[in-house]
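Chemist: Got a file for you: coords-v8.txt, compact mmCIF, C-alpha atoms.
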```txt
# COMPACT_ATOMS: atom_id res chain seq x y z
CA MET A 121 -22.02 -10.68 5.99
CA ALA A 122 -19.72 -8.42 3.97
CA ASN A 123 -18.65 -4.91 4.85
CA ILE A 124 -19.24 -2.28 2.16
CA LEU A 125 -17.41 1.06 2.20
CA PHE A 126 -19.78 3.76 0.93
CA VAL A 127 -17.78 6.84 -0.13
CA SER A 128 -19.95 9.95 -0.30
CA GLU A 129 -19.58 13.48 1.05
CA LYS A 130 -23.30 13.95 1.64
CA LYS A 131 -26.00 11.69 3.01
CA SER A 132 -28.53 12.45 0.29
CA PHE A 133 -31.92 10.74 0.01
CA THR A 134 -30.42 8.31 -2.52
CA VAL A 135 -27.50 7.45 -0.22
CA ILE A 136 -29.71 6.98 2.83
CA SER A 137 -32.16 4.83 0.86
CA LEU A 138 -29.42 2.64 -0.64
CA VAL A 139 -27.77 2.09 2.74
CA LYS A 140 -31.09 1.16 4.34
CA LEU A 141 -32.02 -1.30 1.59
CA ILE A 142 -28.57 -2.90 1.50
CA GLU A 143 -28.43 -3.34 5.28
CA GLU A 144 -31.89 -4.92 5.22
CA GLU A 145 -30.27 -7.73 3.20
CA GLY A 146 -27.75 -8.35 5.99
CA ASP A 147 -24.66 -6.48 4.77
CA THR A 148 -22.87 -3.88 6.87
CA VAL A 149 -22.37 -0.47 5.24
CA ILE A 150 -19.64 1.90 6.45
CA HIS A 151 -20.13 5.52 5.36
CA THR A 152 -17.10 7.77 4.86
CA SER A 153 -16.16 11.01 3.13
CA PHE A 154 -13.69 11.28 0.24
CA LYS A 155 -10.90 12.48 2.55
CA PRO A 156 -8.03 9.93 2.41
CA SER A 157 -7.60 10.26 6.19
CA ASP A 158 -11.25 9.25 6.68
CA ILE A 159 -11.04 6.35 4.24
CA GLU A 160 -7.82 5.17 5.90
CA LYS A 161 -9.64 4.74 9.23
CA HIS A 162 -11.61 1.80 7.82
CA LYS A 163 -9.91 -1.52 7.07
CA ASP A 164 -12.41 -4.34 7.05
CA TYR A 165 -14.39 -3.90 3.84
CA ARG A 166 -14.82 -6.01 0.73
CA VAL A 167 -16.48 -3.62 -1.74
CA ILE A 168 -16.31 0.14 -2.33
CA ILE A 169 -19.33 2.12 -3.54
CA ILE A 170 -18.51 5.59 -4.92
CA ASN A 171 -21.11 8.35 -5.07
CA ALA A 172 -19.87 10.11 -8.20
CA GLU A 173 -22.24 13.02 -7.57
CA ASP A 174 -19.90 14.58 -4.98
CA GLN A 175 -16.52 13.05 -5.78
CA SER A 176 -13.12 14.60 -5.02
CA MET A 177 -9.92 14.11 -7.02
CA GLU A 178 -7.82 13.50 -3.90
CA GLY A 179 -10.18 10.81 -2.68
CA LEU A 180 -10.42 9.11 -6.07
CA ILE A 181 -6.62 8.93 -6.38
CA TYR A 182 -6.39 7.38 -2.92
CA ILE A 183 -9.11 4.84 -3.77
CA LYS A 184 -7.38 4.04 -7.08
CA ASP A 185 -4.18 3.16 -5.21
CA LYS A 186 -6.12 0.98 -2.75
CA VAL A 187 -7.79 -0.87 -5.62
CA ILE A 188 -4.47 -1.63 -7.31
CA GLU A 189 -2.91 -2.74 -4.02
CA ASP A 190 -5.79 -4.77 -2.61
CA GLY A 191 -7.90 -5.73 -5.62
CA ILE A 192 -11.10 -4.39 -4.03
CA PRO A 193 -14.07 -4.19 -6.46
CA ILE A 194 -15.55 -0.74 -7.13
CA LEU A 195 -19.19 0.14 -7.79
CA VAL A 196 -20.12 3.67 -8.97
CA PHE A 197 -23.34 5.61 -9.30
CA GLY A 198 -24.16 9.06 -10.70
CA ASP A 199 -25.08 10.66 -14.01
CA ILE A 200 -23.16 9.64 -17.13
CA ASN A 201 -20.70 12.55 -16.98
CA GLN A 202 -19.96 11.98 -13.28
CA VAL A 203 -19.34 8.28 -13.81
CA GLN A 204 -17.01 9.06 -16.73
CA GLU A 205 -15.09 11.51 -14.51
CA VAL A 206 -14.49 8.70 -12.03
CA GLU A 207 -13.30 6.44 -14.86
CA GLU A 208 -10.75 9.05 -15.89
CA VAL A 209 -9.03 8.46 -12.54
CA ILE A 210 -9.90 4.84 -11.77
CA SER A 211 -9.45 2.59 -14.78
CA ALA A 212 -12.71 1.13 -16.08
CA GLN A 213 -11.32 -2.40 -15.62
CA PHE A 214 -11.50 -1.95 -11.84
CA ILE A 215 -15.09 -0.67 -11.83
CA LYS A 216 -17.30 -3.75 -11.69
CA LYS A 217 -20.70 -2.03 -11.90
CA ARG A 218 -21.98 1.39 -13.00
CA PHE A 219 -25.39 2.74 -12.07
CA VAL A 220 -26.24 5.70 -14.30
CA ARG A 221 -29.11 8.05 -13.47
CA PRO A 222 -32.02 7.93 -13.85
CA PHE A 223 -32.33 4.64 -11.96
CA ASN A 224 -34.61 2.87 -9.50
CA VAL A 225 -32.99 2.93 -6.05
CA LYS A 226 -34.54 -0.39 -5.02
CA GLU A 227 -33.27 -2.11 -8.18
CA VAL A 228 -29.78 -0.66 -7.66
CA ALA A 229 -29.75 -1.91 -4.06
CA GLU A 230 -30.79 -5.37 -5.25
CA GLU A 231 -27.99 -5.42 -7.84
CA ILE A 232 -25.44 -4.33 -5.23
CA THR A 233 -26.45 -7.02 -2.74
CA LYS A 234 -26.43 -9.64 -5.50
CA PHE A 235 -22.96 -8.54 -6.57
CA VAL A 236 -21.66 -8.77 -3.01
CA LYS A 237 -23.21 -12.21 -2.60
CA ASP A 238 -21.85 -13.51 -5.91
CA ASP A 239 -18.39 -11.94 -5.68
CA ALA A 240 -15.99 -14.47 -4.21
CA SER A 241 -12.83 -12.36 -4.38
CA HIS A 242 -12.95 -11.68 -0.64
CA LEU A 243 -12.75 -15.44 -0.02
CA LYS A 244 -9.49 -15.75 -1.92
CA LYS A 245 -6.19 -16.00 -0.07
CA LYS A 246 -4.28 -12.70 -0.01
CA ILE A 247 -0.72 -12.68 -1.35
CA LEU A 248 1.57 -9.68 -0.90
CA VAL A 249 4.16 -9.55 -3.71
CA VAL A 250 7.26 -7.47 -2.91
CA ASP A 251 9.60 -6.58 -5.78
CA ASP A 252 11.25 -3.37 -6.99
CA SER A 253 10.48 -4.21 -10.63
CA GLY A 254 7.11 -3.00 -11.89
CA ALA A 255 7.28 -5.47 -14.78
CA VAL A 256 7.78 -8.37 -12.39
CA LEU A 257 4.93 -7.20 -10.15
CA ARG A 258 2.56 -6.99 -13.11
CA SER A 259 3.62 -10.41 -14.36
CA VAL A 260 3.20 -12.14 -11.00
CA LYS A 261 -0.18 -10.47 -10.51
CA GLY A 262 -1.25 -11.79 -13.91
CA TRP A 263 -0.19 -15.32 -13.00
CA LEU A 264 -1.94 -15.37 -9.63
CA GLU A 265 -5.00 -13.10 -9.74
CA GLU A 266 -7.40 -15.73 -11.05
CA LYS A 267 -6.95 -17.77 -7.85
CA TYR A 268 -5.71 -15.23 -5.30
CA ARG A 269 -6.10 -11.62 -4.18
CA VAL A 270 -2.78 -10.06 -5.11
CA ILE A 271 -1.39 -6.98 -3.36
CA LEU A 272 1.70 -5.27 -4.82
CA ALA A 273 4.55 -3.48 -3.03
CA ASN A 274 7.54 -2.09 -4.95
CA SER A 275 9.84 -1.77 -1.93
CA GLY A 276 10.52 -3.25 1.47
CA ALA A 277 9.33 -0.04 3.10
CA MET A 278 5.99 -0.21 1.29
CA ALA A 279 5.60 -3.85 2.34
CA ILE A 280 6.19 -3.07 6.01
CA LYS A 281 3.77 -0.15 5.83
CA TYR A 282 1.12 -2.46 4.38
CA LEU A 283 1.71 -5.09 7.06
CA ALA A 284 1.18 -2.52 9.79
CA MET A 285 -2.51 -2.40 8.82
CA ASN A 286 -3.17 -5.66 6.94
CA ARG A 287 -2.41 -9.36 7.21
CA PRO A 288 -1.85 -11.29 3.98
CA ASP A 289 -1.89 -15.09 3.91
CA LEU A 290 1.48 -15.21 2.16
CA ILE A 291 4.32 -12.88 1.18
CA LEU A 292 6.28 -13.43 -2.04
CA LEU A 293 9.55 -11.60 -1.50
CA ASP A 294 12.32 -10.63 -3.90
CA TYR A 295 15.88 -11.01 -2.60
CA GLU A 296 17.66 -8.28 -4.55
CA MET A 297 16.11 -4.86 -3.92
CA PRO A 298 17.74 -1.45 -3.44
CA ILE A 299 18.02 0.21 0.00
CA CYS A 300 16.33 -2.65 1.86
CA ASP A 301 16.91 -6.11 0.37
CA GLY A 302 14.79 -9.21 0.87
CA LYS A 303 16.84 -10.55 3.76
CA GLN A 304 16.47 -7.26 5.65
CA VAL A 305 12.72 -7.20 4.97
CA LEU A 306 12.36 -10.75 6.30
CA GLU A 307 14.40 -9.81 9.39
CA MET A 308 11.95 -6.96 10.08
CA ILE A 309 8.97 -9.24 9.54
CA ARG A 310 10.29 -11.90 11.91
CA ALA A 311 11.18 -9.28 14.53
CA GLU A 312 7.65 -7.87 14.77
CA SER A 313 5.29 -10.02 16.85
CA ASP A 314 2.16 -8.74 15.09
CA TYR A 315 3.15 -10.31 11.77
CA SER A 316 6.19 -12.50 12.49
CA SER A 317 4.17 -15.66 11.76
CA ILE A 318 3.11 -14.63 8.24
CA PRO A 319 4.53 -17.16 5.74
CA VAL A 320 7.23 -15.79 3.43
CA ILE A 321 8.44 -17.40 0.21
CA PHE A 322 11.34 -15.89 -1.71
CA LEU A 323 10.64 -15.36 -5.41
CA THR A 324 13.96 -14.28 -6.82
CA ASN A 325 16.77 -14.68 -9.35
CA LYS A 326 19.27 -15.11 -6.51
CA ASN A 327 20.02 -18.81 -6.46
CA ASP A 328 23.59 -19.12 -5.17
CA LYS A 329 24.13 -21.32 -2.12
CA GLU A 330 25.44 -18.47 0.02
CA SER A 331 22.28 -16.39 -0.46
CA VAL A 332 20.01 -19.33 0.31
CA LEU A 333 21.93 -20.25 3.46
CA SER A 334 22.08 -16.66 4.69
CA VAL A 335 18.29 -16.48 5.04
CA SER A 336 17.70 -20.00 6.38
CA PRO A 337 17.95 -18.89 10.06
CA LEU A 338 14.98 -16.57 9.37
CA LYS A 339 12.91 -19.60 8.38
CA PRO A 340 11.42 -18.64 5.02
CA ASP A 341 8.66 -20.97 3.90
CA GLY A 342 10.11 -21.55 0.46
CA TYR A 343 12.53 -20.38 -2.21
CA LEU A 344 11.32 -20.08 -5.80
CA LEU A 345 13.25 -18.86 -8.83
CA LYS A 346 11.78 -16.33 -11.25
CA SER A 347 13.26 -18.38 -14.08
CA MET A 348 10.76 -21.14 -13.36
CA ALA A 349 7.77 -21.47 -15.66
CA PRO A 350 4.87 -19.32 -14.38
CA ALA A 351 2.64 -22.40 -14.20
CA LYS A 352 5.22 -24.10 -11.99
CA ILE A 353 5.39 -21.08 -9.66
CA VAL A 354 1.60 -21.08 -9.33
CA GLU A 355 1.64 -24.84 -8.75
CA ASN A 356 4.14 -24.42 -5.90
CA ILE A 357 2.00 -21.74 -4.27
CA ASP A 358 -1.13 -23.89 -4.65
CA GLU A 359 0.73 -26.79 -2.98
CA PHE A 360 1.89 -24.50 -0.17
CA PHE A 361 -1.68 -23.52 0.70
CA GLU A 362 -2.91 -27.09 0.31
CA LYS A 363 -0.29 -28.38 2.79
CA LYS A 364 -1.06 -25.52 5.14
CA LYS A 365 -4.77 -26.37 5.07
CA TRP A 366 -4.11 -29.99 6.05
CA SER A 367 -1.64 -29.03 8.78
CA MET A 368 -4.17 -26.81 10.59
```
Would you mind giving the structure from this file in structure tokens?

Modeler:
Amino acid sequence: MANILFVSEKKSFTVISLVKLIEEEGDTVIHTSFKPSDIEKHKDYRVIIINAEDQSMEGLIYIKDKVIEDGIPILVFGDINQVQEVEEVISAQFIKKRFVRPFNVKEVAEEITKFVKDDASHLKKKILVVDDSGAVLRSVKGWLEEKYRVILANSGAMAIKYLAMNRPDLILLDYEMPICDGKQVLEMIRAESDYSSIPVIFLTNKNDKESVLSVSPLKPDGYLLKSMAPAKIVENIDEFFEKKKWSM
């Protein structure tokens, strides 16, 4: 069973029919408006369906940010112009399916349930990557996204905010960041009982002995250098999860 977030201002005949048909296949559909505050109330969903017929710019921008952070697949329906308006805000690469009117509601529902069944992204381990460099974040995401769900945070504050509502399977943490460095972020993580047990591996250029020793009391789960070959970094992360699986 997979939760689907259905974003639509109105419960039109099409919306009601789609929800009914999708739920008949065993999936749970959560209906919400385009207000960011309403969307924010819901956490446990794997797919977002956007009704482009009554979209709002504020809501689309919020959803766009969620997609980039969490890698959640987007499905859109509406007429051709409405779908294109959505794509002007949310890059087409993040929209996995488009249903352009006129369409058969039953066939659309069948395609949606098939997509949810076939999509395995929600089964992937979630990795939160924390680094103040946008270039580094994009690179690491590119290395890992085939095997893992990758969430990006460009500051310690953003990482802590994410952890308040979500639980990744691993955090990749840069050491050198402005305002709040990696050591301080790890101190905050270890001090909060709700997420103190989340594994943290440093991914950094900081390789002097003093830096490594200074964080050892906080018990990081590893220390990787950015200068390593990307394949080697991925290999180390794969090995981490493999060992964790056998230790459970």

Chemist: Just checking: using all atoms listed in the file, which residue out of A:Gly198, A:Gly146, A:Pro288, A:Pro350 ends up closest to Leu323 in chain A?

Modeler: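 With all atoms listed in the file as the atom set, the closest residue is A:Pro350.
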
Chemist: Using all atoms listed in the file, can you tell me which of A:Pro298, A:Ala212, A:Val206, A:Ile194 comes closest to Met177 in chain A?

Modeler: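 Of all the options, A:Val206 lies closest to Met177 in chain A.
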
Chemist: Write out as a short mmCIF file (atom, residue, chain, number, x, y, z; two decimals) with C-alpha atoms, in the frame of the given file which residues come within 10 Å of Asp358 in chain A when counting only C-alpha atoms, dropping same-chain ones fewer than 5 positions away.

Modeler:
```
data_model
loop_
_atom_site.label_atom_id
_atom_site.label_comp_id
_atom_site.auth_asym_id
_atom_site.auth_seq_id
_atom_site.Cartn_x
_atom_site.Cartn_y
_atom_site.Cartn_z
CA LEU A 264 -1.94 -15.37 -9.63
CA LYS A 267 -6.95 -17.77 -7.85
CA TYR A 268 -5.71 -15.23 -5.30
CA LYS A 352 5.22 -24.10 -11.99
CA ILE A 353 5.39 -21.08 -9.66
CA LYS A 363 -0.29 -28.38 2.79
CA LYS A 364 -1.06 -25.52 5.14
#
```

Chemist: How close does range 206-325 of chain A get to range 149-158 of chain A? List, as JSON lines, each residue of range 206-325 of chain A within 12 Å, its nearest atom pair and the distance in Å to one decimal, counting all atoms listed in the file.

Modeler:
```
{"residue": "A:Ala229", "atom": "CA", "partner": "A:Val149", "partner_atom": "CA", "distance": 12.0}
{"residue": "A:Ile232", "atom": "CA", "partner": "A:Val149", "partner_atom": "CA", "distance": 11.6}
{"residue": "A:Thr233", "atom": "CA", "partner": "A:Val149", "partner_atom": "CA", "distance": 11.1}
{"residue": "A:Val236", "atom": "CA", "partner": "A:Val149", "partner_atom": "CA", "distance": 11.7}
```

Chemist: Do you know which residues are at most 10 Å from range 138-140 of chain A counting only C-alpha atoms, after dropping those on the same chain fewer than 4 positions away, and could you put them as a PDB file with C-alpha atoms, in the coordinates of the input?

Modeler:
```pdb
ATOM      1  CA  ILE A 124     -19.240  -2.280   2.160  1.00  0.00           C
ATOM      2  CA  PHE A 126     -19.780   3.760   0.930  1.00  0.00           C
ATOM      3  CA  LYS A 131     -26.000  11.690   3.010  1.00  0.00           C
ATOM      4  CA  SER A 132     -28.530  12.450   0.290  1.00  0.00           C
ATOM      5  CA  PHE A 133     -31.920  10.740   0.010  1.00  0.00           C
ATOM      6  CA  THR A 134     -30.420   8.310  -2.520  1.00  0.00           C
ATOM      7  CA  GLU A 144     -31.890  -4.920   5.220  1.00  0.00           C
ATOM      8  CA  GLU A 145     -30.270  -7.730   3.200  1.00  0.00           C
ATOM      9  CA  ASP A 147     -24.660  -6.480   4.770  1.00  0.00           C
ATOM     10  CA  THR A 148     -22.870  -3.880   6.870  1.00  0.00           C
ATOM     11  CA  VAL A 149     -22.370  -0.470   5.240  1.00  0.00           C
ATOM     12  CA  ILE A 150     -19.640   1.900   6.450  1.00  0.00           C
ATOM     13  CA  HIS A 151     -20.130   5.520   5.360  1.00  0.00           C
ATOM     14  CA  VAL A 225     -32.990   2.930  -6.050  1.00  0.00           C
ATOM     15  CA  LYS A 226     -34.540  -0.390  -5.020  1.00  0.00           C
ATOM     16  CA  GLU A 227     -33.270  -2.110  -8.180  1.00  0.00           C
ATOM     17  CA  VAL A 228     -29.780  -0.660  -7.660  1.00  0.00           C
ATOM     18  CA  ALA A 229     -29.750  -1.910  -4.060  1.00  0.00           C
ATOM     19  CA  GLU A 230     -30.790  -5.370  -5.250  1.00  0.00           C
ATOM     20  CA  ILE A 232     -25.440  -4.330  -5.230  1.00  0.00           C
TER      21      ILE A 232
END
```

Chemist: Which neighbours of Asn286 in chain A fall inside 12 Å, counting only C-alpha atoms, when residues of the same chain fewer than 6 positions from it are skipped, and could you give them as a PyMOL selection string?

Modeler: chain A and resi 160+162-165+189-190+246-248+271+279-280+314-315+318

Chemist: Measure the distance from CA of Phe214 in chain A to CA of Lys184 in chain A in Å and round it to one decimal.

Modeler: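 Going from CA of Phe214 in chain A over to CA of Lys184 in chain A, I get 8.7 Å.
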
Chemist: Smallest atom-to-atom distance to Gly302 in chain A: which of A:Gly191, A:Asp328, A:Asp252, A:Ser317, using all atoms listed in the file?

Modeler: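 Between A:Gly191, A:Asp328, A:Asp252, A:Ser317, the residue approaching Gly302 in chain A most closely is A:Asp252.
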
Chemist: Which residues are close to Ile309 in chain A, i.e. within 12 Å by all atoms listed in the file, leaving aside same-chain residues fewer than 5 positions away? Reply as a PyMOL selection string.

Modeler: chain A and resi 276-277+279-284+287+291+293+302-304+314-320+338-340

Chemist: Could you state the separation of CA of Thr324 in chain A and CA of Val250 in chain A in Å, given to one decimal place?

Modeler: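 The value is 10.3 Å.
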
Chemist: I'd like to know which of A:Leu306, A:Lys234, A:Lys346, A:Glu312 is closest to Ser334 in chain A, using all atoms listed in the file.

Modeler: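 The closest residue to Ser334 in chain A is A:Leu306.
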
Chemist: Considering only C-alpha atoms, return as a compact mmCIF listing (two decimals) with C-alpha atoms, in the frame of the given file whatever protein or nucleic-acid residues lie within 8 Å of Lys261 in chain A, sequence-local ones (same chain, fewer than 3 positions apart) excluded.

Modeler:
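Contents of result.txt, as written:
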```
# COMPACT_ATOMS: atom_id res chain seq x y z
CA LEU A 257 4.93 -7.20 -10.15
CA ARG A 258 2.56 -6.99 -13.11
CA LEU A 264 -1.94 -15.37 -9.63
CA GLU A 265 -5.00 -13.10 -9.74
CA VAL A 270 -2.78 -10.06 -5.11
CA LEU A 272 1.70 -5.27 -4.82
```

Chemist: Which residue out of A:Phe322, A:Val332, A:Glu173, A:Glu362 has the minimum interatomic distance to Leu345 in chain A when all atoms listed in the file are used?

Modeler: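 Looking at the shortest contact to Leu345 in chain A, the residue is A:Phe322.
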